[in-house]
file run.pdb (PDB, C-alpha atoms, pLDDT in the B column)
MODEL        1
ATOM      1  CA  ALA B   1      12.230 -35.242  15.650  1.00 71.00           C
ATOM      2  CA  GLN B   2       9.582 -32.858  14.505  1.00 79.00           C
ATOM      3  CA  THR B   3       6.603 -33.938  12.422  1.00 92.00           C
ATOM      4  CA  VAL B   4       4.331 -31.656  10.460  1.00 97.00           C
ATOM      5  CA  THR B   5       0.896 -32.802   9.318  1.00 97.00           C
ATOM      6  CA  GLN B   6      -1.267 -31.234   6.655  1.00 97.00           C
ATOM      7  CA  SER B   7      -4.507 -33.162   6.510  1.00 95.00           C
ATOM      8  CA  GLN B   8      -6.013 -31.497   3.437  1.00 96.00           C
ATOM      9  CA  PRO B   9      -4.419 -32.768   0.209  1.00 95.00           C
ATOM     10  CA  GLU B  10      -6.493 -30.427  -1.970  1.00 97.00           C
ATOM     11  CA  MET B  11      -8.605 -27.320  -1.533  1.00 97.00           C
ATOM     12  CA  SER B  12     -10.623 -25.390  -4.088  1.00 97.00           C
ATOM     13  CA  VAL B  13     -11.840 -21.828  -3.659  1.00 97.00           C
ATOM     14  CA  GLN B  14     -13.707 -19.317  -5.760  1.00 97.00           C
ATOM     15  CA  GLU B  15     -11.843 -16.182  -6.719  1.00 97.00           C
ATOM     16  CA  ALA B  16     -12.272 -13.428  -4.092  1.00 97.00           C
ATOM     17  CA  GLU B  17     -13.355 -15.951  -1.450  1.00 97.00           C
ATOM     18  CA  THR B  18     -11.436 -17.071   1.639  1.00 98.00           C
ATOM     19  CA  VAL B  19      -9.772 -20.426   2.202  1.00 98.00           C
ATOM     20  CA  THR B  20      -8.134 -21.802   5.327  1.00 98.00           C
ATOM     21  CA  LEU B  21      -5.416 -24.438   5.287  1.00 98.00           C
ATOM     22  CA  SER B  22      -4.725 -26.496   8.369  1.00 98.00           C
ATOM     23  CA  CYS B  23      -1.419 -27.624   9.810  1.00 98.00           C
ATOM     24  CA  THR B  24      -0.518 -29.399  13.015  1.00 98.00           C
ATOM     25  CA  TYR B  25       2.933 -30.231  14.287  1.00 97.00           C
ATOM     26  CA  ASP B  26       4.590 -32.180  17.011  1.00 95.00           C
ATOM     27  CA  THR B  27       7.655 -31.006  18.885  1.00 93.00           C
ATOM     28  CA  SER B  28       9.209 -30.964  22.312  1.00 91.00           C
ATOM     29  CA  GLU B  29      10.929 -27.642  21.591  1.00 89.00           C
ATOM     30  CA  SER B  30       9.715 -24.552  23.403  1.00 87.00           C
ATOM     31  CA  ASN B  31      10.947 -22.038  20.875  1.00 89.00           C
ATOM     32  CA  TYR B  32      10.787 -22.461  17.135  1.00 92.00           C
ATOM     33  CA  TYR B  33       9.603 -20.943  13.872  1.00 92.00           C
ATOM     34  CA  LEU B  34       6.683 -21.944  11.713  1.00 95.00           C
ATOM     35  CA  PHE B  35       6.308 -21.098   8.054  1.00 96.00           C
ATOM     36  CA  TRP B  36       3.965 -21.352   5.147  1.00 97.00           C
ATOM     37  CA  TYR B  37       5.654 -21.736   1.778  1.00 97.00           C
ATOM     38  CA  LYS B  38       3.999 -21.494  -1.621  1.00 97.00           C
ATOM     39  CA  GLN B  39       5.171 -23.603  -4.567  1.00 95.00           C
ATOM     40  CA  PRO B  40       3.510 -22.608  -7.850  1.00 92.00           C
ATOM     41  CA  PRO B  41       3.625 -25.151 -10.685  1.00 86.00           C
ATOM     42  CA  SER B  42       7.156 -25.405 -12.098  1.00 77.00           C
ATOM     43  CA  ARG B  43       8.388 -22.498 -10.013  1.00 81.00           C
ATOM     44  CA  GLN B  44      10.461 -22.174  -6.925  1.00 88.00           C
ATOM     45  CA  MET B  45       9.190 -22.282  -3.410  1.00 92.00           C
ATOM     46  CA  ILE B  46       8.660 -18.875  -1.851  1.00 93.00           C
ATOM     47  CA  LEU B  47       7.977 -17.850   1.714  1.00 94.00           C
ATOM     48  CA  VAL B  48       4.435 -16.663   2.363  1.00 96.00           C
ATOM     49  CA  ILE B  49       4.467 -16.012   6.074  1.00 95.00           C
ATOM     50  CA  ARG B  50       6.557 -16.709   9.153  1.00 94.00           C
ATOM     51  CA  GLN B  51       5.628 -17.015  12.834  1.00 94.00           C
ATOM     52  CA  GLU B  52       7.953 -17.109  15.822  1.00 91.00           C
ATOM     53  CA  ALA B  53       6.623 -19.363  18.548  1.00 91.00           C
ATOM     54  CA  TYR B  54       7.408 -16.964  21.387  1.00 89.00           C
ATOM     55  CA  LYS B  55       5.270 -14.262  19.814  1.00 88.00           C
ATOM     56  CA  GLN B  56       1.646 -14.338  20.857  1.00 84.00           C
ATOM     57  CA  GLN B  57       0.449 -12.166  18.014  1.00 92.00           C
ATOM     58  CA  ASN B  58      -0.529 -13.961  14.846  1.00 95.00           C
ATOM     59  CA  ALA B  59       1.504 -12.983  11.783  1.00 94.00           C
ATOM     60  CA  THR B  60      -0.137 -11.213   8.860  1.00 95.00           C
ATOM     61  CA  GLU B  61       1.166 -10.477   5.376  1.00 94.00           C
ATOM     62  CA  ASN B  62      -1.340  -8.635   3.227  1.00 95.00           C
ATOM     63  CA  ARG B  63      -4.053 -11.167   2.322  1.00 97.00           C
ATOM     64  CA  PHE B  64      -2.339 -13.966   4.236  1.00 97.00           C
ATOM     65  CA  SER B  65      -2.760 -14.489   7.958  1.00 97.00           C
ATOM     66  CA  VAL B  66      -2.180 -17.309  10.393  1.00 97.00           C
ATOM     67  CA  ASN B  67      -3.944 -18.665  13.440  1.00 97.00           C
ATOM     68  CA  PHE B  68      -1.203 -19.935  15.728  1.00 96.00           C
ATOM     69  CA  GLN B  69      -2.356 -22.021  18.672  1.00 95.00           C
ATOM     70  CA  LYS B  70       0.792 -23.046  20.521  1.00 94.00           C
ATOM     71  CA  ALA B  71      -0.844 -25.248  23.137  1.00 93.00           C
ATOM     72  CA  ALA B  72      -2.761 -27.128  20.464  1.00 95.00           C
ATOM     73  CA  LYS B  73       0.297 -27.171  18.160  1.00 96.00           C
ATOM     74  CA  SER B  74      -1.807 -25.838  15.352  1.00 97.00           C
ATOM     75  CA  PHE B  75      -0.822 -23.340  12.661  1.00 97.00           C
ATOM     76  CA  SER B  76      -3.453 -22.599  10.033  1.00 98.00           C
ATOM     77  CA  LEU B  77      -3.158 -20.263   7.051  1.00 98.00           C
ATOM     78  CA  LYS B  78      -6.001 -18.074   5.870  1.00 98.00           C
ATOM     79  CA  ILE B  79      -5.943 -16.684   2.354  1.00 98.00           C
ATOM     80  CA  SER B  80      -8.414 -13.842   1.981  1.00 98.00           C
ATOM     81  CA  ASP B  81      -9.710 -12.402  -1.286  1.00 97.00           C
ATOM     82  CA  SER B  82      -8.222 -15.347  -3.202  1.00 98.00           C
ATOM     83  CA  GLN B  83      -6.633 -14.550  -6.552  1.00 97.00           C
ATOM     84  CA  LEU B  84      -5.890 -16.791  -9.521  1.00 96.00           C
ATOM     85  CA  GLY B  85      -2.187 -16.334  -8.815  1.00 95.00           C
ATOM     86  CA  ASP B  86      -2.652 -17.999  -5.435  1.00 97.00           C
ATOM     87  CA  THR B  87      -3.068 -21.346  -7.198  1.00 97.00           C
ATOM     88  CA  ALA B  88      -0.160 -23.414  -5.920  1.00 97.00           C
ATOM     89  CA  MET B  89       0.916 -26.070  -3.492  1.00 96.00           C
ATOM     90  CA  TYR B  90       1.233 -24.753   0.053  1.00 98.00           C
ATOM     91  CA  PHE B  91       3.587 -26.286   2.565  1.00 97.00           C
ATOM     92  CA  CYS B  92       3.637 -25.828   6.297  1.00 98.00           C
ATOM     93  CA  ALA B  93       7.127 -26.053   7.750  1.00 96.00           C
ATOM     94  CA  PHE B  94       8.812 -26.137  11.154  1.00 95.00           C
ATOM     95  CA  MET B  95      12.259 -24.940  12.120  1.00 92.00           C
ATOM     96  CA  LYS B  96      13.995 -25.068  15.499  1.00 88.00           C
ATOM     97  CA  HIS B  97      15.106 -21.740  16.902  1.00 82.00           C
ATOM     98  CA  THR B  98      18.760 -22.766  17.060  1.00 78.00           C
ATOM     99  CA  GLY B  99      21.083 -25.324  15.524  1.00 78.00           C
ATOM    100  CA  ASN B 100      20.962 -26.433  11.942  1.00 81.00           C
ATOM    101  CA  TYR B 101      17.886 -24.381  10.945  1.00 85.00           C
ATOM    102  CA  LYS B 102      16.697 -27.134   8.654  1.00 90.00           C
ATOM    103  CA  LEU B 103      13.059 -27.094   7.645  1.00 93.00           C
ATOM    104  CA  SER B 104      10.681 -29.964   8.307  1.00 95.00           C
ATOM    105  CA  PHE B 105       7.797 -29.843   5.853  1.00 96.00           C
ATOM    106  CA  GLY B 106       4.300 -31.224   5.756  1.00 97.00           C
ATOM    107  CA  ALA B 107       3.027 -33.107   2.720  1.00 96.00           C
ATOM    108  CA  GLY B 108       1.416 -29.997   1.274  1.00 97.00           C
ATOM    109  CA  THR B 109      -2.028 -28.799   0.259  1.00 97.00           C
ATOM    110  CA  THR B 110      -2.839 -28.070  -3.364  1.00 97.00           C
ATOM    111  CA  VAL B 111      -4.942 -24.917  -3.613  1.00 98.00           C
ATOM    112  CA  THR B 112      -6.854 -24.207  -6.787  1.00 97.00           C
ATOM    113  CA  VAL B 113      -8.493 -20.816  -7.226  1.00 97.00           C
ATOM    114  CA  ARG B 114     -11.439 -20.938  -9.645  1.00 97.00           C
ATOM    115  CA  ALA B 115     -12.339 -17.954 -11.806  1.00 95.00           C
TER     116      ALA B 115
ATOM    117  CA  ASP Y   1      19.269 -12.556 -11.168  1.00 53.00           C
ATOM    118  CA  THR Y   2      20.447 -12.686  -7.566  1.00 75.00           C
ATOM    119  CA  GLY Y   3      18.319 -15.645  -6.490  1.00 92.00           C
ATOM    120  CA  VAL Y   4      19.328 -19.269  -5.930  1.00 95.00           C
ATOM    121  CA  SER Y   5      20.211 -20.932  -9.210  1.00 96.00           C
ATOM    122  CA  GLN Y   6      20.169 -24.665  -9.898  1.00 97.00           C
ATOM    123  CA  ASN Y   7      21.432 -26.508 -12.946  1.00 97.00           C
ATOM    124  CA  PRO Y   8      20.346 -28.442 -14.815  1.00 97.00           C
ATOM    125  CA  ARG Y   9      16.601 -27.955 -14.446  1.00 95.00           C
ATOM    126  CA  HIS Y  10      15.883 -31.417 -15.744  1.00 96.00           C
ATOM    127  CA  LYS Y  11      18.006 -34.538 -16.002  1.00 97.00           C
ATOM    128  CA  ILE Y  12      17.062 -37.893 -17.458  1.00 98.00           C
ATOM    129  CA  THR Y  13      19.549 -40.654 -16.876  1.00 98.00           C
ATOM    130  CA  LYS Y  14      19.758 -44.387 -17.203  1.00 97.00           C
ATOM    131  CA  ARG Y  15      19.862 -46.515 -14.101  1.00 97.00           C
ATOM    132  CA  GLY Y  16      23.412 -47.052 -12.960  1.00 97.00           C
ATOM    133  CA  GLN Y  17      24.767 -43.790 -14.344  1.00 98.00           C
ATOM    134  CA  ASN Y  18      26.243 -41.016 -12.221  1.00 98.00           C
ATOM    135  CA  VAL Y  19      24.716 -37.549 -12.147  1.00 98.00           C
ATOM    136  CA  THR Y  20      25.833 -34.229 -10.694  1.00 98.00           C
ATOM    137  CA  PHE Y  21      23.725 -31.199  -9.884  1.00 97.00           C
ATOM    138  CA  ARG Y  22      24.907 -27.700  -9.156  1.00 98.00           C
ATOM    139  CA  CYS Y  23      23.516 -25.031  -6.877  1.00 98.00           C
ATOM    140  CA  ASP Y  24      24.606 -21.395  -6.798  1.00 97.00           C
ATOM    141  CA  PRO Y  25      23.274 -19.742  -3.647  1.00 96.00           C
ATOM    142  CA  ILE Y  26      22.688 -16.078  -2.991  1.00 94.00           C
ATOM    143  CA  SER Y  27      26.180 -14.655  -2.749  1.00 91.00           C
ATOM    144  CA  GLU Y  28      26.268 -13.476   0.867  1.00 88.00           C
ATOM    145  CA  HIS Y  29      24.516 -16.558   2.237  1.00 91.00           C
ATOM    146  CA  ASN Y  30      26.700 -18.797   4.387  1.00 91.00           C
ATOM    147  CA  ARG Y  31      24.227 -21.667   4.789  1.00 93.00           C
ATOM    148  CA  LEU Y  32      23.306 -23.981   1.938  1.00 96.00           C
ATOM    149  CA  TYR Y  33      20.787 -26.823   2.146  1.00 96.00           C
ATOM    150  CA  TRP Y  34      19.829 -29.700  -0.111  1.00 97.00           C
ATOM    151  CA  TYR Y  35      16.344 -31.189   0.014  1.00 97.00           C
ATOM    152  CA  ARG Y  36      14.638 -33.944  -1.964  1.00 97.00           C
ATOM    153  CA  GLN Y  37      11.003 -33.722  -2.965  1.00 95.00           C
ATOM    154  CA  THR Y  38       9.075 -36.647  -4.397  1.00 94.00           C
ATOM    155  CA  LEU Y  39       5.803 -36.199  -6.245  1.00 89.00           C
ATOM    156  CA  GLY Y  40       2.995 -35.063  -3.990  1.00 85.00           C
ATOM    157  CA  GLN Y  41       5.201 -34.772  -0.922  1.00 90.00           C
ATOM    158  CA  GLY Y  42       6.946 -32.043   0.962  1.00 94.00           C
ATOM    159  CA  PRO Y  43      10.712 -31.587   0.685  1.00 95.00           C
ATOM    160  CA  GLU Y  44      12.888 -33.732   2.926  1.00 96.00           C
ATOM    161  CA  PHE Y  45      16.191 -32.541   4.316  1.00 95.00           C
ATOM    162  CA  LEU Y  46      19.308 -34.182   2.898  1.00 96.00           C
ATOM    163  CA  THR Y  47      22.306 -32.170   4.066  1.00 96.00           C
ATOM    164  CA  TYR Y  48      23.564 -28.685   4.792  1.00 94.00           C
ATOM    165  CA  PHE Y  49      26.725 -26.604   4.726  1.00 95.00           C
ATOM    166  CA  GLN Y  50      27.956 -23.736   6.820  1.00 92.00           C
ATOM    167  CA  ASN Y  51      30.380 -22.078   4.426  1.00 92.00           C
ATOM    168  CA  GLU Y  52      32.464 -24.973   3.072  1.00 92.00           C
ATOM    169  CA  ALA Y  53      31.851 -27.335   5.983  1.00 93.00           C
ATOM    170  CA  GLN Y  54      29.229 -30.048   5.645  1.00 92.00           C
ATOM    171  CA  LEU Y  55      27.711 -30.104   9.111  1.00 91.00           C
ATOM    172  CA  GLU Y  56      24.903 -32.621   8.904  1.00 91.00           C
ATOM    173  CA  LYS Y  57      23.732 -35.418   6.642  1.00 92.00           C
ATOM    174  CA  SER Y  58      20.325 -37.073   6.804  1.00 92.00           C
ATOM    175  CA  ARG Y  59      20.102 -40.843   6.909  1.00 89.00           C
ATOM    176  CA  LEU Y  60      18.287 -40.419   3.586  1.00 85.00           C
ATOM    177  CA  LEU Y  61      21.687 -39.610   2.106  1.00 87.00           C
ATOM    178  CA  SER Y  62      23.043 -43.038   1.274  1.00 90.00           C
ATOM    179  CA  ASP Y  63      26.673 -43.759   0.449  1.00 93.00           C
ATOM    180  CA  ARG Y  64      25.864 -43.206  -3.221  1.00 96.00           C
ATOM    181  CA  PHE Y  65      25.218 -39.521  -2.524  1.00 96.00           C
ATOM    182  CA  SER Y  66      27.934 -36.973  -1.959  1.00 96.00           C
ATOM    183  CA  ALA Y  67      27.759 -33.218  -1.660  1.00 97.00           C
ATOM    184  CA  GLU Y  68      30.462 -30.599  -1.679  1.00 96.00           C
ATOM    185  CA  ARG Y  69      30.790 -26.885  -1.292  1.00 96.00           C
ATOM    186  CA  PRO Y  70      34.486 -26.449  -1.955  1.00 91.00           C
ATOM    187  CA  LYS Y  71      34.941 -22.707  -1.586  1.00 87.00           C
ATOM    188  CA  GLY Y  72      31.875 -21.926   0.436  1.00 86.00           C
ATOM    189  CA  SER Y  73      30.099 -20.640  -2.637  1.00 91.00           C
ATOM    190  CA  PHE Y  74      28.406 -23.046  -5.083  1.00 96.00           C
ATOM    191  CA  SER Y  75      27.605 -26.619  -4.145  1.00 98.00           C
ATOM    192  CA  THR Y  76      27.369 -29.873  -6.064  1.00 98.00           C
ATOM    193  CA  LEU Y  77      25.315 -32.952  -5.293  1.00 98.00           C
ATOM    194  CA  GLU Y  78      26.447 -36.156  -6.955  1.00 97.00           C
ATOM    195  CA  ILE Y  79      24.524 -39.398  -7.103  1.00 97.00           C
ATOM    196  CA  GLN Y  80      26.481 -42.464  -8.119  1.00 97.00           C
ATOM    197  CA  ARG Y  81      24.947 -45.597  -9.616  1.00 97.00           C
ATOM    198  CA  THR Y  82      21.511 -44.027  -9.837  1.00 97.00           C
ATOM    199  CA  GLU Y  83      18.434 -46.102  -9.038  1.00 96.00           C
ATOM    200  CA  GLN Y  84      14.835 -45.556 -10.054  1.00 96.00           C
ATOM    201  CA  GLY Y  85      14.045 -44.624  -6.458  1.00 95.00           C
ATOM    202  CA  ASP Y  86      16.332 -41.612  -6.836  1.00 96.00           C
ATOM    203  CA  SER Y  87      13.820 -40.014  -9.223  1.00 97.00           C
ATOM    204  CA  ALA Y  88      12.735 -36.805  -7.501  1.00 97.00           C
ATOM    205  CA  MET Y  89      13.092 -33.041  -7.456  1.00 96.00           C
ATOM    206  CA  TYR Y  90      16.308 -31.953  -5.751  1.00 97.00           C
ATOM    207  CA  LEU Y  91      15.986 -28.542  -4.179  1.00 97.00           C
ATOM    208  CA  CYS Y  92      18.698 -26.231  -2.978  1.00 97.00           C
ATOM    209  CA  ALA Y  93      18.113 -23.439  -0.486  1.00 96.00           C
ATOM    210  CA  SER Y  94      20.380 -20.832   1.059  1.00 95.00           C
ATOM    211  CA  SER Y  95      20.201 -18.538   4.041  1.00 92.00           C
ATOM    212  CA  LYS Y  96      22.408 -16.347   6.159  1.00 88.00           C
ATOM    213  CA  VAL Y  97      23.136 -16.970   9.808  1.00 82.00           C
ATOM    214  CA  GLY Y  98      24.673 -13.929  11.415  1.00 73.00           C
ATOM    215  CA  TRP Y  99      27.097 -13.586  14.310  1.00 66.00           C
ATOM    216  CA  ASP Y 100      24.059 -13.343  16.585  1.00 66.00           C
ATOM    217  CA  ARG Y 101      22.948 -16.750  15.287  1.00 65.00           C
ATOM    218  CA  VAL Y 102      19.783 -15.226  13.874  1.00 67.00           C
ATOM    219  CA  ASN Y 103      18.783 -17.042  10.719  1.00 67.00           C
ATOM    220  CA  THR Y 104      17.289 -15.147   7.820  1.00 70.00           C
ATOM    221  CA  GLU Y 105      14.698 -16.513   5.455  1.00 84.00           C
ATOM    222  CA  ALA Y 106      15.673 -19.542   3.372  1.00 90.00           C
ATOM    223  CA  PHE Y 107      15.495 -18.900  -0.368  1.00 93.00           C
ATOM    224  CA  PHE Y 108      14.923 -21.829  -2.674  1.00 95.00           C
ATOM    225  CA  GLY Y 109      16.070 -22.551  -6.193  1.00 95.00           C
ATOM    226  CA  GLN Y 110      13.750 -23.934  -8.855  1.00 94.00           C
ATOM    227  CA  GLY Y 111      15.133 -27.402  -8.363  1.00 95.00           C
ATOM    228  CA  THR Y 112      16.578 -30.114 -10.563  1.00 97.00           C
ATOM    229  CA  ARG Y 113      14.098 -32.770 -11.592  1.00 96.00           C
ATOM    230  CA  LEU Y 114      15.831 -36.131 -11.926  1.00 98.00           C
ATOM    231  CA  THR Y 115      14.247 -39.001 -13.808  1.00 97.00           C
ATOM    232  CA  VAL Y 116      16.009 -42.350 -13.702  1.00 98.00           C
ATOM    233  CA  VAL Y 117      14.878 -44.727 -16.451  1.00 96.00           C
TER     234      VAL Y 117
ENDMDL
END
call {"tool": "encode", "arguments": {"input": "run.pdb", "output": "C-alpha cells"}}
result
Amino acid sequence: AQTVTQSQPEMSVQEAETVTLSCTYDTSESNYYLFWYKQPPSRQMILVIRQEAYKQQNATENRFSVNFQKAAKSFSLKISDSQLGDTAMYFCAFMKHTGNYKLSFGAGTTVTVRA
Amino acid sequence: DTGVSQNPRHKITKRGQNVTFRCDPISEHNRLYWYRQTLGQGPEFLTYFQNEAQLEKSRLLSDRFSAERPKGSFSTLEIQRTEQGDSAMYLCASSKVGWDRVNTEAFFGQGTRLTVV
C-alpha cells in the first residue's frame, strides 16, 4: 500500500510571496504519478499539477511548480506570487501507473494567503 | 455544466435511516470513483467502476454500503442503517481510461456532505 504524508497542517503566506508545501510518500512501485490537488472552501477539488515518476524534469504550471526527488520520495509544491484565490486546502496524491488508478491522498495542508 | 455533478449537496439524517447519493460523471468518462473525506483529512478511496462493473471495494466499505452504476453512466451510493461515524463528505470522481490504458485526469464533484444525528 502507498502512504502519503503531508507534515504541514497549515501554512500562511503574504500575497505575492512564495510558499512551499512538502509531501513525502512511500511506495515500492517504480512508475507512478504524483499530483497536487487544490480544494477551495465549499468547492470541488481541482488538479493543480501532475508529475510522472519516469520524467526527470519537474512539472510546472504557471505559478505552480514541483520539486520531485524520486530517490528521497519527496514531492514538494511551490506557489509563486501567491494570490488571494490560492487560499485553499492542498492535497498531495499518489497514483500507480497501471491498474485501478485510485488516488491515495495525504492529510492536506491548509494555505491561507494574507492580503 | 459538463463537470461531475453530485446530489444532494447536503444531507442530514437520523441515525438508523438509509440514505442514497447520486453522482453524474462527465459523459465520456468510463471510470467512476467514490471517496470519503472526513474533516481535516484527505479523501479515502471507497470503490470504483469501469463502465457498469464495480471492480474494487475498499475494506472501508462495510456491508451497510452499496454502490451501483447500472448503465455505466450515473452512480448511486447507498448507506443503510446510518451511524454517526458515517458523517463525512462523500466525493465522486470520474476519468477516462483509453484503449492504451492511459488514464486522463480525475475530475471531482463538489461532494455530498452527510451529517448523521
call {"tool": "closest_residue", "arguments": {"input": "run.pdb", "among": "B:Ser104, B:Gln14, B:Thr112, B:Gln83", "to": "Gln37 (chain Y)", "atoms": "only C-alpha atoms"}}
result
B:Ser104
call {"tool": "closest_atom_pairs", "arguments": {"input": "run.pdb", "of": "chain Y", "to": "chain B", "cutoff": "6 Å", "atoms": "all atoms listed in the file", "output": "Markdown table"}}
result
| residue | atom | partner | partner_atom | distance |
| --- | --- | --- | --- | --- |
| Y:Gln41 | CA | B:Ala107 | CA | 4.6 |
| Y:Gly42 | CA | B:Ala107 | CA | 4.4 |
| Y:Phe108 | CA | B:Met45 | CA | 5.8 |
| Y:Gly109 | CA | B:Gln44 | CA | 5.7 |
| Y:Gln110 | CA | B:Gln44 | CA | 4.2 |
call {"tool": "residues_around", "arguments": {"input": "run.pdb", "residues": "region 2-9 of chain Y", "least_positions_apart": "3", "cutoff": "12 Å", "atoms": "only C-alpha atoms", "output": "ChimeraX atom specification"}}
result
/B:42-46 /Y:12,19-29,32-34,73-77,88-95,106-115
call {"tool": "residues_around", "arguments": {"input": "run.pdb", "residues": "Glu56 (chain Y)", "least_positions_apart": "4", "cutoff": "9 Å", "atoms": "all atoms listed in the file", "output": "list of chain:residue names"}}
result
B:Asn100, Y:Leu46, Y:Thr47, Y:Tyr48, Y:Phe49
call {"tool": "residues_near_point", "arguments": {"input": "run.pdb", "point": "(-6.6, -25.7, 0.5)", "cutoff": "7 Å", "atoms": "all atoms listed in the file", "output": "mmCIF file with C-alpha atoms, in the coordinates of the input"}}
result
data_model
loop_
_atom_site.group_PDB
_atom_site.id
_atom_site.type_symbol
_atom_site.label_atom_id
_atom_site.label_comp_id
_atom_site.auth_asym_id
_atom_site.auth_seq_id
_atom_site.Cartn_x
_atom_site.Cartn_y
_atom_site.Cartn_z
ATOM 1 C CA GLN B 8 -6.013 -31.497 3.437
ATOM 2 C CA GLU B 10 -6.493 -30.427 -1.970
ATOM 3 C CA MET B 11 -8.605 -27.320 -1.533
ATOM 4 C CA SER B 12 -10.623 -25.390 -4.088
ATOM 5 C CA VAL B 19 -9.772 -20.426 2.202
ATOM 6 C CA THR B 20 -8.134 -21.802 5.327
ATOM 7 C CA LEU B 21 -5.416 -24.438 5.287
ATOM 8 C CA THR B 109 -2.028 -28.799 0.259
ATOM 9 C CA THR B 110 -2.839 -28.070 -3.364
ATOM 10 C CA VAL B 111 -4.942 -24.917 -3.613
#
call {"tool": "residues_around", "arguments": {"input": "run.pdb", "residues": "Ala1 (chain B)", "least_positions_apart": "3", "cutoff": "9 Å", "atoms": "all atoms listed in the file", "output": "PyMOL selection string"}}
result
chain B and resi 26-28
call {"tool": "residues_around", "arguments": {"input": "run.pdb", "residues": "Glu52 (chain Y)", "least_positions_apart": "5", "cutoff": "8 Å", "atoms": "all atoms listed in the file", "output": "CSV table (one decimal) with C-alpha atoms, in the coordinates of the input"}}
result
chain,number,residue,atom,x,y,z
Y,68,GLU,CA,30.5,-30.6,-1.7
Y,69,ARG,CA,30.8,-26.9,-1.3
Y,70,PRO,CA,34.5,-26.4,-2.0
Y,71,LYS,CA,34.9,-22.7,-1.6
Y,72,GLY,CA,31.9,-21.9,0.4
Y,73,SER,CA,30.1,-20.6,-2.6
call {"tool": "resolve_selection", "arguments": {"input": "run.pdb", "expression": "the PyMOL selection byres ((chain Y and resi 96) around 7)", "output": "PyMOL selection string"}}
result
chain Y and resi 29-31+95+97-98+103-104
call {"tool": "write_last_selection", "arguments": {"input": "run.pdb", "atoms": "C-alpha atoms", "output": "compact mmCIF listing (two decimals), in the frame of the given file"}}
result
# COMPACT_ATOMS: atom_id res chain seq x y z
CA HIS Y 29 24.52 -16.56 2.24
CA ASN Y 30 26.70 -18.80 4.39
CA ARG Y 31 24.23 -21.67 4.79
CA SER Y 95 20.20 -18.54 4.04
CA VAL Y 97 23.14 -16.97 9.81
CA GLY Y 98 24.67 -13.93 11.42
CA ASN Y 103 18.78 -17.04 10.72
CA THR Y 104 17.29 -15.15 7.82
call {"tool": "residues_around", "arguments": {"input": "run.pdb", "residues": "Phe64 (chain B)", "least_positions_apart": "6", "cutoff": "7 Å", "atoms": "all atoms listed in the file", "output": "ChimeraX atom specification"}}
result
/B:77-80
call {"tool": "resolve_selection", "arguments": {"input": "run.pdb", "expression": "the PyMOL selection byres ((chain B and resi 72) around 12)", "output": "VMD selection string"}}
result
chain B and resid 23 to 27 67 to 71 73 to 76
call {"tool": "axis_aligned_box", "arguments": {"input": "run.pdb", "around": "region 26-29 of chain B", "padding_each_side": "3 Å", "output": "JSON"}}
result
{"center_x": 7.8, "center_y": -29.9, "center_z": 19.7, "size_x": 12.3, "size_y": 10.5, "size_z": 11.3}
call {"tool": "atom_distance", "arguments": {"input": "run.pdb", "atom1": "CA of Pro41 (chain B)", "atom2": "CA of Ser62 (chain Y)"}}
result
29.0 Å
call {"tool": "residues_near_point", "arguments": {"input": "run.pdb", "point": "(15.4, -48.5, -16.3)", "cutoff": "8 Å", "atoms": "all atoms listed in the file", "output": "ChimeraX atom specification"}}
result
/Y:14-15,84,116-117
call {"tool": "atom_distance", "arguments": {"input": "run.pdb", "atom1": "CA of Gly85 (chain B)", "atom2": "CA of Ser22 (chain B)"}}
result
20.1 Å
call {"tool": "build_atoms", "arguments": {"input": "run.pdb", "residues": "region 23-31 of chain B", "atoms": "N, CA, C and O atoms", "output": "mmCIF file, in the coordinates of the input"}}
result
data_model
loop_
_atom_site.group_PDB
_atom_site.id
_atom_site.type_symbol
_atom_site.label_atom_id
_atom_site.label_comp_id
_atom_site.auth_asym_id
_atom_site.auth_seq_id
_atom_site.Cartn_x
_atom_site.Cartn_y
_atom_site.Cartn_z
ATOM 1 N N CYS B 23 -2.724 -27.021 9.581
ATOM 2 C CA CYS B 23 -1.419 -27.624 9.810
ATOM 3 C C CYS B 23 -1.288 -27.906 11.292
ATOM 4 O O CYS B 23 -1.614 -27.049 12.130
ATOM 5 N N THR B 24 -0.859 -29.087 11.633
ATOM 6 C CA THR B 24 -0.518 -29.399 13.015
ATOM 7 C C THR B 24 0.904 -29.928 13.044
ATOM 8 O O THR B 24 1.423 -30.416 12.033
ATOM 9 N N TYR B 25 1.543 -29.808 14.189
ATOM 10 C CA TYR B 25 2.933 -30.231 14.287
ATOM 11 C C TYR B 25 3.175 -30.831 15.654
ATOM 12 O O TYR B 25 2.375 -30.638 16.587
ATOM 13 N N ASP B 26 4.241 -31.549 15.749
ATOM 14 C CA ASP B 26 4.590 -32.180 17.011
ATOM 15 C C ASP B 26 6.048 -31.866 17.318
ATOM 16 O O ASP B 26 6.925 -32.100 16.484
ATOM 17 N N THR B 27 6.296 -31.325 18.488
ATOM 18 C CA THR B 27 7.655 -31.006 18.885
ATOM 19 C C THR B 27 7.745 -30.940 20.396
ATOM 20 O O THR B 27 6.749 -30.672 21.065
ATOM 21 N N SER B 28 8.950 -31.155 20.887
ATOM 22 C CA SER B 28 9.209 -30.964 22.312
ATOM 23 C C SER B 28 9.954 -29.646 22.564
ATOM 24 O O SER B 28 10.250 -29.304 23.704
ATOM 25 N N GLU B 29 10.249 -28.930 21.480
ATOM 26 C CA GLU B 29 10.929 -27.642 21.591
ATOM 27 C C GLU B 29 9.964 -26.594 22.155
ATOM 28 O O GLU B 29 8.756 -26.659 21.940
ATOM 29 N N SER B 30 10.547 -25.625 22.869
ATOM 30 C CA SER B 30 9.715 -24.552 23.403
ATOM 31 C C SER B 30 9.762 -23.315 22.514
ATOM 32 O O SER B 30 8.842 -22.506 22.524
ATOM 33 N N ASN B 31 10.834 -23.189 21.770
ATOM 34 C CA ASN B 31 10.947 -22.038 20.875
ATOM 35 C C ASN B 31 11.306 -22.509 19.474
ATOM 36 O O ASN B 31 12.211 -23.345 19.305
#
